[in-house]
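What's in run37.pdb: PDB, C-alpha atoms and all ligand atoms
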MODEL        1
ATOM      1  CA  MET A   1     -16.715 -61.382  18.829  1.00  0.00           C
ATOM      2  CA  ALA A   2     -17.460 -65.130  19.074  1.00  0.00           C
ATOM      3  CA  PRO A   3     -21.195 -65.880  19.385  1.00  0.00           C
ATOM      4  CA  GLN A   4     -22.477 -66.014  22.955  1.00  0.00           C
ATOM      5  CA  ILE A   5     -25.330 -68.057  24.418  1.00  0.00           C
ATOM      6  CA  SER A   6     -27.526 -66.761  27.223  1.00  0.00           C
ATOM      7  CA  PRO A   7     -30.021 -69.346  28.553  1.00  0.00           C
ATOM      8  CA  SER A   8     -33.244 -67.767  29.802  1.00  0.00           C
ATOM      9  CA  ILE A   9     -34.321 -68.842  33.267  1.00  0.00           C
ATOM     10  CA  LEU A  10     -37.932 -68.045  32.384  1.00  0.00           C
ATOM     11  CA  SER A  11     -38.107 -71.646  31.158  1.00  0.00           C
ATOM     12  CA  ALA A  12     -36.366 -73.035  34.273  1.00  0.00           C
ATOM     13  CA  ASP A  13     -37.992 -74.457  37.400  1.00  0.00           C
ATOM     14  CA  PHE A  14     -38.321 -71.408  39.683  1.00  0.00           C
ATOM     15  CA  ALA A  15     -38.396 -73.618  42.779  1.00  0.00           C
ATOM     16  CA  ARG A  16     -34.865 -74.849  41.914  1.00  0.00           C
ATOM     17  CA  LEU A  17     -33.248 -71.714  40.500  1.00  0.00           C
ATOM     18  CA  ALA A  18     -29.773 -72.290  41.966  1.00  0.00           C
ATOM     19  CA  GLU A  19     -29.623 -75.833  40.521  1.00  0.00           C
ATOM     20  CA  GLU A  20     -31.036 -74.645  37.211  1.00  0.00           C
ATOM     21  CA  ALA A  21     -28.375 -71.923  37.052  1.00  0.00           C
ATOM     22  CA  LYS A  22     -25.653 -74.521  37.686  1.00  0.00           C
ATOM     23  CA  ALA A  23     -27.114 -76.770  34.975  1.00  0.00           C
ATOM     24  CA  VAL A  24     -26.028 -74.252  32.324  1.00  0.00           C
ATOM     25  CA  GLU A  25     -22.602 -73.317  33.693  1.00  0.00           C
ATOM     26  CA  GLY A  26     -20.452 -73.032  30.580  1.00  0.00           C
ATOM     27  CA  ALA A  27     -22.959 -70.637  29.017  1.00  0.00           C
ATOM     28  CA  ASP A  28     -21.667 -67.098  28.526  1.00  0.00           C
ATOM     29  CA  TRP A  29     -24.498 -65.476  30.467  1.00  0.00           C
ATOM     30  CA  LEU A  30     -27.594 -66.403  32.452  1.00  0.00           C
ATOM     31  CA  HIS A  31     -30.543 -64.417  31.097  1.00  0.00           C
ATOM     32  CA  VAL A  32     -32.836 -63.253  33.895  1.00  0.00           C
ATOM     33  CA  ASP A  33     -36.312 -62.122  32.786  1.00  0.00           C
ATOM     34  CA  VAL A  34     -37.679 -59.480  35.147  1.00  0.00           C
ATOM     35  CA  MET A  35     -41.395 -58.834  34.490  1.00  0.00           C
ATOM     36  CA  ASP A  36     -43.732 -56.551  36.439  1.00  0.00           C
ATOM     37  CA  ASN A  37     -47.204 -57.367  35.030  1.00  0.00           C
ATOM     38  CA  HIS A  38     -47.406 -53.773  33.712  1.00  0.00           C
ATOM     39  CA  PHE A  39     -44.911 -53.474  30.875  1.00  0.00           C
ATOM     40  CA  VAL A  40     -45.749 -57.097  29.990  1.00  0.00           C
ATOM     41  CA  PRO A  41     -48.694 -59.264  31.100  1.00  0.00           C
ATOM     42  CA  ASN A  42     -46.589 -61.555  33.285  1.00  0.00           C
ATOM     43  CA  LEU A  43     -44.867 -61.385  36.668  1.00  0.00           C
ATOM     44  CA  THR A  44     -41.577 -63.077  37.533  1.00  0.00           C
ATOM     45  CA  LEU A  45     -38.947 -61.923  40.016  1.00  0.00           C
ATOM     46  CA  GLY A  46     -37.153 -58.889  41.390  1.00  0.00           C
ATOM     47  CA  VAL A  47     -33.990 -57.567  43.017  1.00  0.00           C
ATOM     48  CA  PRO A  48     -33.758 -60.033  45.973  1.00  0.00           C
ATOM     49  CA  VAL A  49     -33.889 -63.065  43.650  1.00  0.00           C
ATOM     50  CA  VAL A  50     -31.173 -61.545  41.454  1.00  0.00           C
ATOM     51  CA  GLU A  51     -29.006 -61.005  44.562  1.00  0.00           C
ATOM     52  CA  SER A  52     -29.424 -64.668  45.504  1.00  0.00           C
ATOM     53  CA  LEU A  53     -28.778 -65.898  41.959  1.00  0.00           C
ATOM     54  CA  ALA A  54     -25.600 -63.828  41.763  1.00  0.00           C
ATOM     55  CA  ARG A  55     -24.337 -65.680  44.841  1.00  0.00           C
ATOM     56  CA  ALA A  56     -25.462 -69.073  43.485  1.00  0.00           C
ATOM     57  CA  THR A  57     -23.635 -69.062  40.151  1.00  0.00           C
ATOM     58  CA  ASP A  58     -20.362 -67.922  38.600  1.00  0.00           C
ATOM     59  CA  THR A  59     -22.121 -67.297  35.279  1.00  0.00           C
ATOM     60  CA  PRO A  60     -22.600 -63.546  34.810  1.00  0.00           C
ATOM     61  CA  LEU A  61     -26.216 -62.375  34.967  1.00  0.00           C
ATOM     62  CA  ASP A  62     -27.815 -60.705  31.957  1.00  0.00           C
ATOM     63  CA  CYS A  63     -30.912 -59.022  33.444  1.00  0.00           C
ATOM     64  CA  HIS A  64     -33.651 -58.136  30.965  1.00  0.00           C
ATOM     65  CA  LEU A  65     -36.007 -55.656  32.594  1.00  0.00           C
ATOM     66  CA  MET A  66     -39.500 -55.931  31.093  1.00  0.00           C
ATOM     67  CA  ILE A  67     -40.791 -53.371  33.548  1.00  0.00           C
ATOM     68  CA  GLU A  68     -42.095 -49.849  33.797  1.00  0.00           C
ATOM     69  CA  GLU A  69     -39.840 -47.211  35.371  1.00  0.00           C
ATOM     70  CA  PRO A  70     -36.515 -48.837  34.406  1.00  0.00           C
ATOM     71  CA  ASP A  71     -34.834 -45.474  35.151  1.00  0.00           C
ATOM     72  CA  ARG A  72     -35.658 -46.073  38.796  1.00  0.00           C
ATOM     73  CA  TRP A  73     -34.993 -49.817  38.980  1.00  0.00           C
ATOM     74  CA  ALA A  74     -32.095 -50.627  36.622  1.00  0.00           C
ATOM     75  CA  PRO A  75     -29.321 -49.296  38.913  1.00  0.00           C
ATOM     76  CA  GLN A  76     -30.597 -51.572  41.686  1.00  0.00           C
ATOM     77  CA  TYR A  77     -30.060 -54.623  39.448  1.00  0.00           C
ATOM     78  CA  VAL A  78     -26.429 -53.586  38.960  1.00  0.00           C
ATOM     79  CA  GLU A  79     -26.056 -53.319  42.733  1.00  0.00           C
ATOM     80  CA  ALA A  80     -27.705 -56.756  43.053  1.00  0.00           C
ATOM     81  CA  GLY A  81     -24.886 -58.257  40.966  1.00  0.00           C
ATOM     82  CA  ALA A  82     -25.991 -58.132  37.314  1.00  0.00           C
ATOM     83  CA  GLY A  83     -23.138 -57.951  34.806  1.00  0.00           C
ATOM     84  CA  SER A  84     -25.424 -56.617  32.103  1.00  0.00           C
ATOM     85  CA  VAL A  85     -28.715 -54.756  32.456  1.00  0.00           C
ATOM     86  CA  THR A  86     -31.157 -54.327  29.584  1.00  0.00           C
ATOM     87  CA  PHE A  87     -33.951 -51.749  29.741  1.00  0.00           C
ATOM     88  CA  HIS A  88     -36.709 -51.264  27.184  1.00  0.00           C
ATOM     89  CA  VAL A  89     -36.534 -47.996  25.274  1.00  0.00           C
ATOM     90  CA  GLU A  90     -40.345 -47.914  25.195  1.00  0.00           C
ATOM     91  CA  ALA A  91     -40.377 -47.705  29.002  1.00  0.00           C
ATOM     92  CA  ALA A  92     -37.328 -45.539  29.707  1.00  0.00           C
ATOM     93  CA  THR A  93     -37.742 -41.818  30.389  1.00  0.00           C
ATOM     94  CA  ALA A  94     -34.094 -40.864  29.777  1.00  0.00           C
ATOM     95  CA  PRO A  95     -32.326 -43.747  27.982  1.00  0.00           C
ATOM     96  CA  VAL A  96     -28.978 -41.963  27.563  1.00  0.00           C
ATOM     97  CA  ARG A  97     -28.799 -40.960  31.215  1.00  0.00           C
ATOM     98  CA  LEU A  98     -29.854 -44.458  32.231  1.00  0.00           C
ATOM     99  CA  ALA A  99     -27.257 -46.188  30.017  1.00  0.00           C
ATOM    100  CA  ARG A 100     -24.557 -43.917  31.469  1.00  0.00           C
ATOM    101  CA  GLU A 101     -25.683 -44.681  34.998  1.00  0.00           C
ATOM    102  CA  ILE A 102     -25.612 -48.456  34.397  1.00  0.00           C
ATOM    103  CA  ARG A 103     -22.097 -48.180  32.953  1.00  0.00           C
ATOM    104  CA  ALA A 104     -20.913 -45.884  35.739  1.00  0.00           C
ATOM    105  CA  LYS A 105     -22.083 -48.455  38.284  1.00  0.00           C
ATOM    106  CA  GLY A 106     -19.960 -51.102  36.551  1.00  0.00           C
ATOM    107  CA  ALA A 107     -22.335 -53.153  34.375  1.00  0.00           C
ATOM    108  CA  ARG A 108     -22.830 -53.404  30.626  1.00  0.00           C
ATOM    109  CA  ALA A 109     -25.663 -51.153  29.440  1.00  0.00           C
ATOM    110  CA  SER A 110     -28.143 -52.638  27.019  1.00  0.00           C
ATOM    111  CA  MET A 111     -31.335 -51.370  25.390  1.00  0.00           C
ATOM    112  CA  ALA A 112     -34.192 -53.528  24.067  1.00  0.00           C
ATOM    113  CA  LEU A 113     -36.684 -52.949  21.267  1.00  0.00           C
ATOM    114  CA  ARG A 114     -40.104 -54.612  21.128  1.00  0.00           C
ATOM    115  CA  PRO A 115     -40.935 -56.104  17.715  1.00  0.00           C
ATOM    116  CA  ALA A 116     -42.876 -53.010  16.586  1.00  0.00           C
ATOM    117  CA  THR A 117     -40.175 -50.536  17.665  1.00  0.00           C
ATOM    118  CA  PRO A 118     -37.845 -49.520  14.808  1.00  0.00           C
ATOM    119  CA  ILE A 119     -34.089 -49.078  15.308  1.00  0.00           C
ATOM    120  CA  GLU A 120     -33.655 -45.998  13.108  1.00  0.00           C
ATOM    121  CA  PRO A 121     -34.814 -43.322  15.624  1.00  0.00           C
ATOM    122  CA  TYR A 122     -32.180 -44.627  18.065  1.00  0.00           C
ATOM    123  CA  GLU A 123     -29.145 -44.670  15.766  1.00  0.00           C
ATOM    124  CA  ASP A 124     -27.494 -41.779  17.620  1.00  0.00           C
ATOM    125  CA  LEU A 125     -27.836 -43.609  20.961  1.00  0.00           C
ATOM    126  CA  LEU A 126     -25.869 -46.673  19.882  1.00  0.00           C
ATOM    127  CA  PRO A 127     -22.442 -45.404  21.095  1.00  0.00           C
ATOM    128  CA  GLU A 128     -23.941 -45.143  24.604  1.00  0.00           C
ATOM    129  CA  LEU A 129     -24.699 -48.875  24.671  1.00  0.00           C
ATOM    130  CA  ASP A 130     -22.779 -52.120  25.107  1.00  0.00           C
ATOM    131  CA  MET A 131     -25.576 -54.254  23.658  1.00  0.00           C
ATOM    132  CA  LEU A 132     -28.823 -53.833  21.742  1.00  0.00           C
ATOM    133  CA  LEU A 133     -31.573 -56.442  22.178  1.00  0.00           C
ATOM    134  CA  ILE A 134     -33.969 -57.063  19.320  1.00  0.00           C
ATOM    135  CA  MET A 135     -36.996 -58.975  20.588  1.00  0.00           C
ATOM    136  CA  THR A 136     -37.958 -61.757  18.206  1.00  0.00           C
ATOM    137  CA  VAL A 137     -41.266 -62.413  20.011  1.00  0.00           C
ATOM    138  CA  GLU A 138     -43.629 -60.075  21.856  1.00  0.00           C
ATOM    139  CA  PRO A 139     -42.076 -59.955  25.338  1.00  0.00           C
ATOM    140  CA  GLY A 140     -43.893 -61.650  28.193  1.00  0.00           C
ATOM    141  CA  PHE A 141     -43.704 -65.408  27.744  1.00  0.00           C
ATOM    142  CA  GLY A 142     -41.304 -68.181  26.829  1.00  0.00           C
ATOM    143  CA  GLY A 143     -42.034 -70.824  24.234  1.00  0.00           C
ATOM    144  CA  GLN A 144     -43.446 -68.520  21.530  1.00  0.00           C
ATOM    145  CA  ALA A 145     -42.730 -68.909  17.818  1.00  0.00           C
ATOM    146  CA  PHE A 146     -39.801 -66.914  16.414  1.00  0.00           C
ATOM    147  CA  LEU A 147     -40.924 -63.830  14.429  1.00  0.00           C
ATOM    148  CA  ASP A 148     -38.938 -64.118  11.215  1.00  0.00           C
ATOM    149  CA  ILE A 149     -40.233 -60.678  10.156  1.00  0.00           C
ATOM    150  CA  MET A 150     -37.566 -59.368  12.598  1.00  0.00           C
ATOM    151  CA  LEU A 151     -34.697 -60.624  10.419  1.00  0.00           C
ATOM    152  CA  PRO A 152     -34.559 -57.433   8.283  1.00  0.00           C
ATOM    153  CA  LYS A 153     -34.359 -55.328  11.475  1.00  0.00           C
ATOM    154  CA  ILE A 154     -31.449 -57.475  12.700  1.00  0.00           C
ATOM    155  CA  ARG A 155     -29.689 -56.960   9.353  1.00  0.00           C
ATOM    156  CA  ARG A 156     -30.282 -53.180   9.360  1.00  0.00           C
ATOM    157  CA  THR A 157     -29.027 -52.929  12.936  1.00  0.00           C
ATOM    158  CA  ARG A 158     -25.872 -54.904  12.121  1.00  0.00           C
ATOM    159  CA  GLU A 159     -25.264 -52.537   9.198  1.00  0.00           C
ATOM    160  CA  LEU A 160     -25.605 -49.502  11.506  1.00  0.00           C
ATOM    161  CA  ILE A 161     -23.193 -51.058  14.016  1.00  0.00           C
ATOM    162  CA  SER A 162     -20.634 -51.715  11.259  1.00  0.00           C
ATOM    163  CA  ARG A 163     -21.115 -48.271   9.662  1.00  0.00           C
ATOM    164  CA  HIS A 164     -20.410 -46.556  12.994  1.00  0.00           C
ATOM    165  CA  GLY A 165     -17.503 -48.921  13.775  1.00  0.00           C
ATOM    166  CA  LEU A 166     -19.018 -49.854  17.142  1.00  0.00           C
ATOM    167  CA  GLU A 167     -18.182 -52.795  19.419  1.00  0.00           C
ATOM    168  CA  LEU A 168     -21.875 -53.114  20.307  1.00  0.00           C
ATOM    169  CA  TRP A 169     -23.212 -56.658  20.810  1.00  0.00           C
ATOM    170  CA  LEU A 170     -26.478 -57.537  19.084  1.00  0.00           C
ATOM    171  CA  GLN A 171     -28.736 -59.833  21.078  1.00  0.00           C
ATOM    172  CA  VAL A 172     -31.852 -61.681  19.935  1.00  0.00           C
ATOM    173  CA  ASP A 173     -34.446 -63.078  22.325  1.00  0.00           C
ATOM    174  CA  GLY A 174     -37.551 -65.144  21.649  1.00  0.00           C
ATOM    175  CA  GLY A 175     -38.040 -68.392  19.768  1.00  0.00           C
ATOM    176  CA  VAL A 176     -34.282 -68.888  19.356  1.00  0.00           C
ATOM    177  CA  SER A 177     -33.637 -72.607  18.856  1.00  0.00           C
ATOM    178  CA  ALA A 178     -31.725 -75.089  16.683  1.00  0.00           C
ATOM    179  CA  SER A 179     -34.196 -74.222  13.889  1.00  0.00           C
ATOM    180  CA  THR A 180     -33.758 -70.438  14.021  1.00  0.00           C
ATOM    181  CA  ILE A 181     -30.326 -69.598  15.465  1.00  0.00           C
ATOM    182  CA  GLU A 182     -28.518 -69.866  12.129  1.00  0.00           C
ATOM    183  CA  GLN A 183     -30.849 -67.322  10.483  1.00  0.00           C
ATOM    184  CA  CYS A 184     -30.247 -64.940  13.393  1.00  0.00           C
ATOM    185  CA  ALA A 185     -26.458 -65.363  13.174  1.00  0.00           C
ATOM    186  CA  ASP A 186     -26.530 -64.910   9.418  1.00  0.00           C
ATOM    187  CA  ALA A 187     -28.523 -61.673   9.841  1.00  0.00           C
ATOM    188  CA  GLY A 188     -25.964 -60.277  12.297  1.00  0.00           C
ATOM    189  CA  ALA A 189     -26.889 -61.314  15.842  1.00  0.00           C
ATOM    190  CA  ASP A 190     -24.031 -62.379  18.108  1.00  0.00           C
ATOM    191  CA  VAL A 191     -25.710 -62.948  21.501  1.00  0.00           C
ATOM    192  CA  PHE A 192     -28.489 -65.536  21.585  1.00  0.00           C
ATOM    193  CA  VAL A 193     -31.047 -65.897  24.363  1.00  0.00           C
ATOM    194  CA  ALA A 194     -32.695 -69.316  24.451  1.00  0.00           C
ATOM    195  CA  GLY A 195     -35.222 -70.442  27.058  1.00  0.00           C
ATOM    196  CA  SER A 196     -37.255 -73.464  26.034  1.00  0.00           C
ATOM    197  CA  ALA A 197     -34.553 -74.687  23.629  1.00  0.00           C
ATOM    198  CA  VAL A 198     -32.159 -75.010  26.592  1.00  0.00           C
ATOM    199  CA  TYR A 199     -34.314 -75.805  29.630  1.00  0.00           C
ATOM    200  CA  GLY A 200     -36.695 -77.974  27.600  1.00  0.00           C
ATOM    201  CA  ALA A 201     -33.760 -80.181  26.558  1.00  0.00           C
ATOM    202  CA  SER A 202     -32.854 -83.348  28.490  1.00  0.00           C
ATOM    203  CA  ASP A 203     -29.284 -82.013  28.862  1.00  0.00           C
ATOM    204  CA  PRO A 204     -29.345 -78.177  29.088  1.00  0.00           C
ATOM    205  CA  ALA A 205     -25.529 -77.857  29.093  1.00  0.00           C
ATOM    206  CA  GLU A 206     -25.312 -79.924  25.916  1.00  0.00           C
ATOM    207  CA  ALA A 207     -28.088 -77.792  24.342  1.00  0.00           C
ATOM    208  CA  VAL A 208     -25.974 -74.687  25.048  1.00  0.00           C
ATOM    209  CA  ARG A 209     -22.924 -76.284  23.417  1.00  0.00           C
ATOM    210  CA  ALA A 210     -24.942 -77.373  20.359  1.00  0.00           C
ATOM    211  CA  LEU A 211     -26.489 -73.907  19.912  1.00  0.00           C
ATOM    212  CA  ARG A 212     -23.073 -72.278  20.205  1.00  0.00           C
ATOM    213  CA  LYS A 213     -21.642 -74.626  17.579  1.00  0.00           C
ATOM    214  CA  GLN A 214     -24.479 -73.813  15.162  1.00  0.00           C
ATOM    215  CA  ALA A 215     -24.088 -70.068  15.766  1.00  0.00           C
ATOM    216  CA  GLU A 216     -20.315 -70.258  15.245  1.00  0.00           C
ATOM    217  CA  ALA A 217     -20.713 -72.145  11.965  1.00  0.00           C
ATOM    218  CA  ALA A 218     -23.357 -69.716  10.648  1.00  0.00           C
ATOM    219  CA  THR A 219     -21.346 -66.651  11.752  1.00  0.00           C
ATOM    220  CA  SER A 220     -18.181 -67.849  10.052  1.00  0.00           C
ATOM    221  CA  LYS A 221     -20.086 -67.938   6.750  1.00  0.00           C
ATOM    222  CA  ALA A 222     -22.036 -64.699   7.308  1.00  0.00           C
ATOM    223  CA  SER A 223     -21.439 -61.838   4.889  1.00  0.00           C
ATOM    224  CA  TRP A 224     -21.732 -59.183   7.642  1.00  0.00           C
ATOM    225  CA  LEU A 225     -18.595 -60.578   9.260  1.00  0.00           C
ATOM    226  CA  HIS A 226     -16.517 -60.570   6.079  1.00  0.00           C
ATOM    227  CA  ASP A 227     -17.775 -57.480   4.221  1.00  0.00           C
ATOM    228  CA  HIS A 228     -16.730 -54.946   6.853  1.00  0.00           C
TER
HETATM  229  O1  LIG B 301     -37.902 -62.307  27.311  1.00  0.00           O
HETATM  230  C1  LIG B 301     -38.408 -63.351  26.969  1.00  0.00           C
HETATM  231  C2  LIG B 301     -39.859 -63.461  26.792  1.00  0.00           C
HETATM  232  O2  LIG B 301     -40.395 -62.216  27.028  1.00  0.00           O
HETATM  233  C3  LIG B 301     -37.511 -64.458  26.655  1.00  0.00           C
HETATM  234  O3  LIG B 301     -36.276 -64.398  27.324  1.00  0.00           O
HETATM  235  C4  LIG B 301     -38.077 -65.839  26.690  1.00  0.00           C
HETATM  236  O4  LIG B 301     -37.980 -66.376  27.964  1.00  0.00           O
HETATM  237  C5  LIG B 301     -37.346 -66.703  25.724  1.00  0.00           C
HETATM  238  O5  LIG B 301     -37.912 -67.961  25.758  1.00  0.00           O
HETATM  239  P1  LIG B 301     -37.920 -68.888  24.470  1.00  0.00           P
HETATM  240  O6  LIG B 301     -38.695 -68.137  23.410  1.00  0.00           O
HETATM  241  O7  LIG B 301     -36.496 -69.079  24.096  1.00  0.00           O
HETATM  242  O8  LIG B 301     -38.592 -70.130  24.924  1.00  0.00           O
ENDMDL
END
Structure rendered as structure tokens:
Amino acid sequence: MAPQISPSILSADFARLAEEAKAVEGADWLHVDVMDNHFVPNLTLGVPVVESLARATDTPLDCHLMIEEPDRWAPQYVEAGAGSVTFHVEAATAPVRLAREIRAKGARASMALRPATPIEPYEDLLPELDMLLIMTVEPGFGGQAFLDIMLPKIRRTRELISRHGLELWLQVDGGVSASTIEQCADAGADVFVAGSAVYGASDPAEAVRALRKQAEAATSKASWLHDH
């Protein structure tokens, strides 16, 4: 799959969300950070804002739920118009049932891992998912430095995906920028969330195009793409 870019609205101006969503039309997804001040120490937005955003943009919404009780809430984000819903495995009670429910309701099912959560215990769950998100910062805030100690986990996850012959997308989120996106692509990521690198730029749409170009160039040279 060609690399995809998903600008994170956490770095956008929340008073102008519709305009900010339009400013990145041309991106593959709009990444919507849902935080409840329990799973992470920050509070953002909920179902009604996602419903409004879905009406305001043609870009599909990639909702990242950094919340407790995702089993209860995730289906409501599908109903609100999300094209992809990511829950955290650390918060989910029944991740397989939840992934199946998200898919049955018509969205892509995605599972996220905090930096300290290993992938190996979840190998058998991968066929239930459309995307796996490896956090490359501690979730909660935009603008943090990329954790390069996550690169081996990205590589191991890409190997598992290839070994099982899965179509699973591998997303990275946190500190992804012009300085780090190539390392992520080389390690095996193919969906890139970028907040400050897009909304902090003078031309967010151009920042998306530039990140995509870098990711495409790095992916075309990456061994994971050619060795399998
Ligand atoms: O989920 C999160 C933070 O928890 C991210 O989506 C950030 O919003 C990404 O922001 P940058 O690190 O790219 O500035």
Hits from the PyMOL selection byres (((chain A and resi 215) around 10) and not hetatm), listed as a ChimeraX atom specification: /A:2-5,178,180-186,189-192,209-214,216-220
Residues selected by the PyMOL selection byres (((chain A and resi 110) around 6) and not hetatm), written as a PyMOL selection string: chain A and resi 85-86+109+111+129-132
Find the nearest atom pair between each residue of chain A and ligand LIG 301 (chain B) for residues within 8 Å, count all atoms listed in the file, give distances in Å to one decimal, sort rows by chain and ascending number, and present the table as CSV.
residue,atom,partner,partner_atom,distance
A:Pro7,CA,B:LIG301,O7,7.9
A:Ser8,CA,B:LIG301,O3,5.2
A:Ile9,CA,B:LIG301,O4,6.9
A:Leu10,CA,B:LIG301,O4,4.7
A:Ser11,CA,B:LIG301,O4,6.2
A:His31,CA,B:LIG301,O3,6.9
A:Val32,CA,B:LIG301,O3,7.5
A:Asp33,CA,B:LIG301,O1,5.7
A:Val40,CA,B:LIG301,O2,8.0
A:His64,CA,B:LIG301,O1,7.0
A:Met66,CA,B:LIG301,O2,7.5
A:Met135,CA,B:LIG301,O1,7.6
A:Val137,CA,B:LIG301,C2,7.0
A:Glu138,CA,B:LIG301,O2,6.5
A:Pro139,CA,B:LIG301,O2,3.3
A:Gly140,CA,B:LIG301,O2,3.7
A:Phe141,CA,B:LIG301,C2,4.4
A:Gly142,CA,B:LIG301,O5,3.6
A:Gly143,CA,B:LIG301,O8,3.6
A:Gln144,CA,B:LIG301,O6,5.1
A:Ala145,CA,B:LIG301,O6,6.9
A:Phe146,CA,B:LIG301,O6,7.2
A:Asp173,CA,B:LIG301,C3,5.5
A:Gly174,CA,B:LIG301,O6,3.7
A:Gly175,CA,B:LIG301,O6,3.7
A:Val176,CA,B:LIG301,O7,5.2
A:Ser177,CA,B:LIG301,O7,6.9
A:Val193,CA,B:LIG301,O3,6.2
A:Ala194,CA,B:LIG301,O7,3.8
A:Gly195,CA,B:LIG301,O7,3.5
A:Ser196,CA,B:LIG301,O8,3.8
A:Ala197,CA,B:LIG301,O7,6.0
A:Val198,CA,B:LIG301,O7,7.8
Lys22 (chain A) environment, 10 Å, all atoms listed in the file, sequence neighbours closer than 6 positions dropped, as a PyMOL selection string: chain A and resi 30+56-59+205
Return as JSON the box centre and box size in Å, one decimal, for an axis-aligned box around all listed atoms of region 214-226 of chain A padded by 5 Å per side.
{"center_x": -20.5, "center_y": -66.5, "center_z": 10.3, "size_x": 18.0, "size_y": 24.6, "size_z": 20.9}
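Put simply, CA of Ala187 (chain A) is 22.9 Å away from CA of Phe87 (chain A).
Our summary of the geometry notes that CA of Ile67 (chain A) is positioned 19.4 Å from CA of Pro118 (chain A).
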The PyMOL selection byres (((chain A and resi 168) around 10) and not hetatm) resolved against shown file, as a ChimeraX atom specification: /A:1,110,126-132,158,161-162,164-167,169-171,190
Between CA of Glu69 (chain A) and CA of Ile134 (chain A), distance in Å (one decimal): 19.7 Å
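If you measure from each of A:Ala116, A:Trp29, A:Val47, A:Leu98 to Gly83 (chain A) using only C-alpha atoms, the closest one turns out to be A:Trp29.
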Residue among A:Gly200, A:Ala82, A:Ala107, A:Tyr122 lying closest to Asp13 (chain A), counting only C-alpha atoms: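 For Asp13 (chain A), the nearest of the candidates is A:Gly200.
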Best match for closeness to Lys105 (chain A) among A:Leu125, A:Val89, A:Ala80, A:Leu133, counting all atoms listed in the file: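 When distances to Lys105 (chain A) are compared using all atoms listed in the file, the smallest one comes from A:Ala80.
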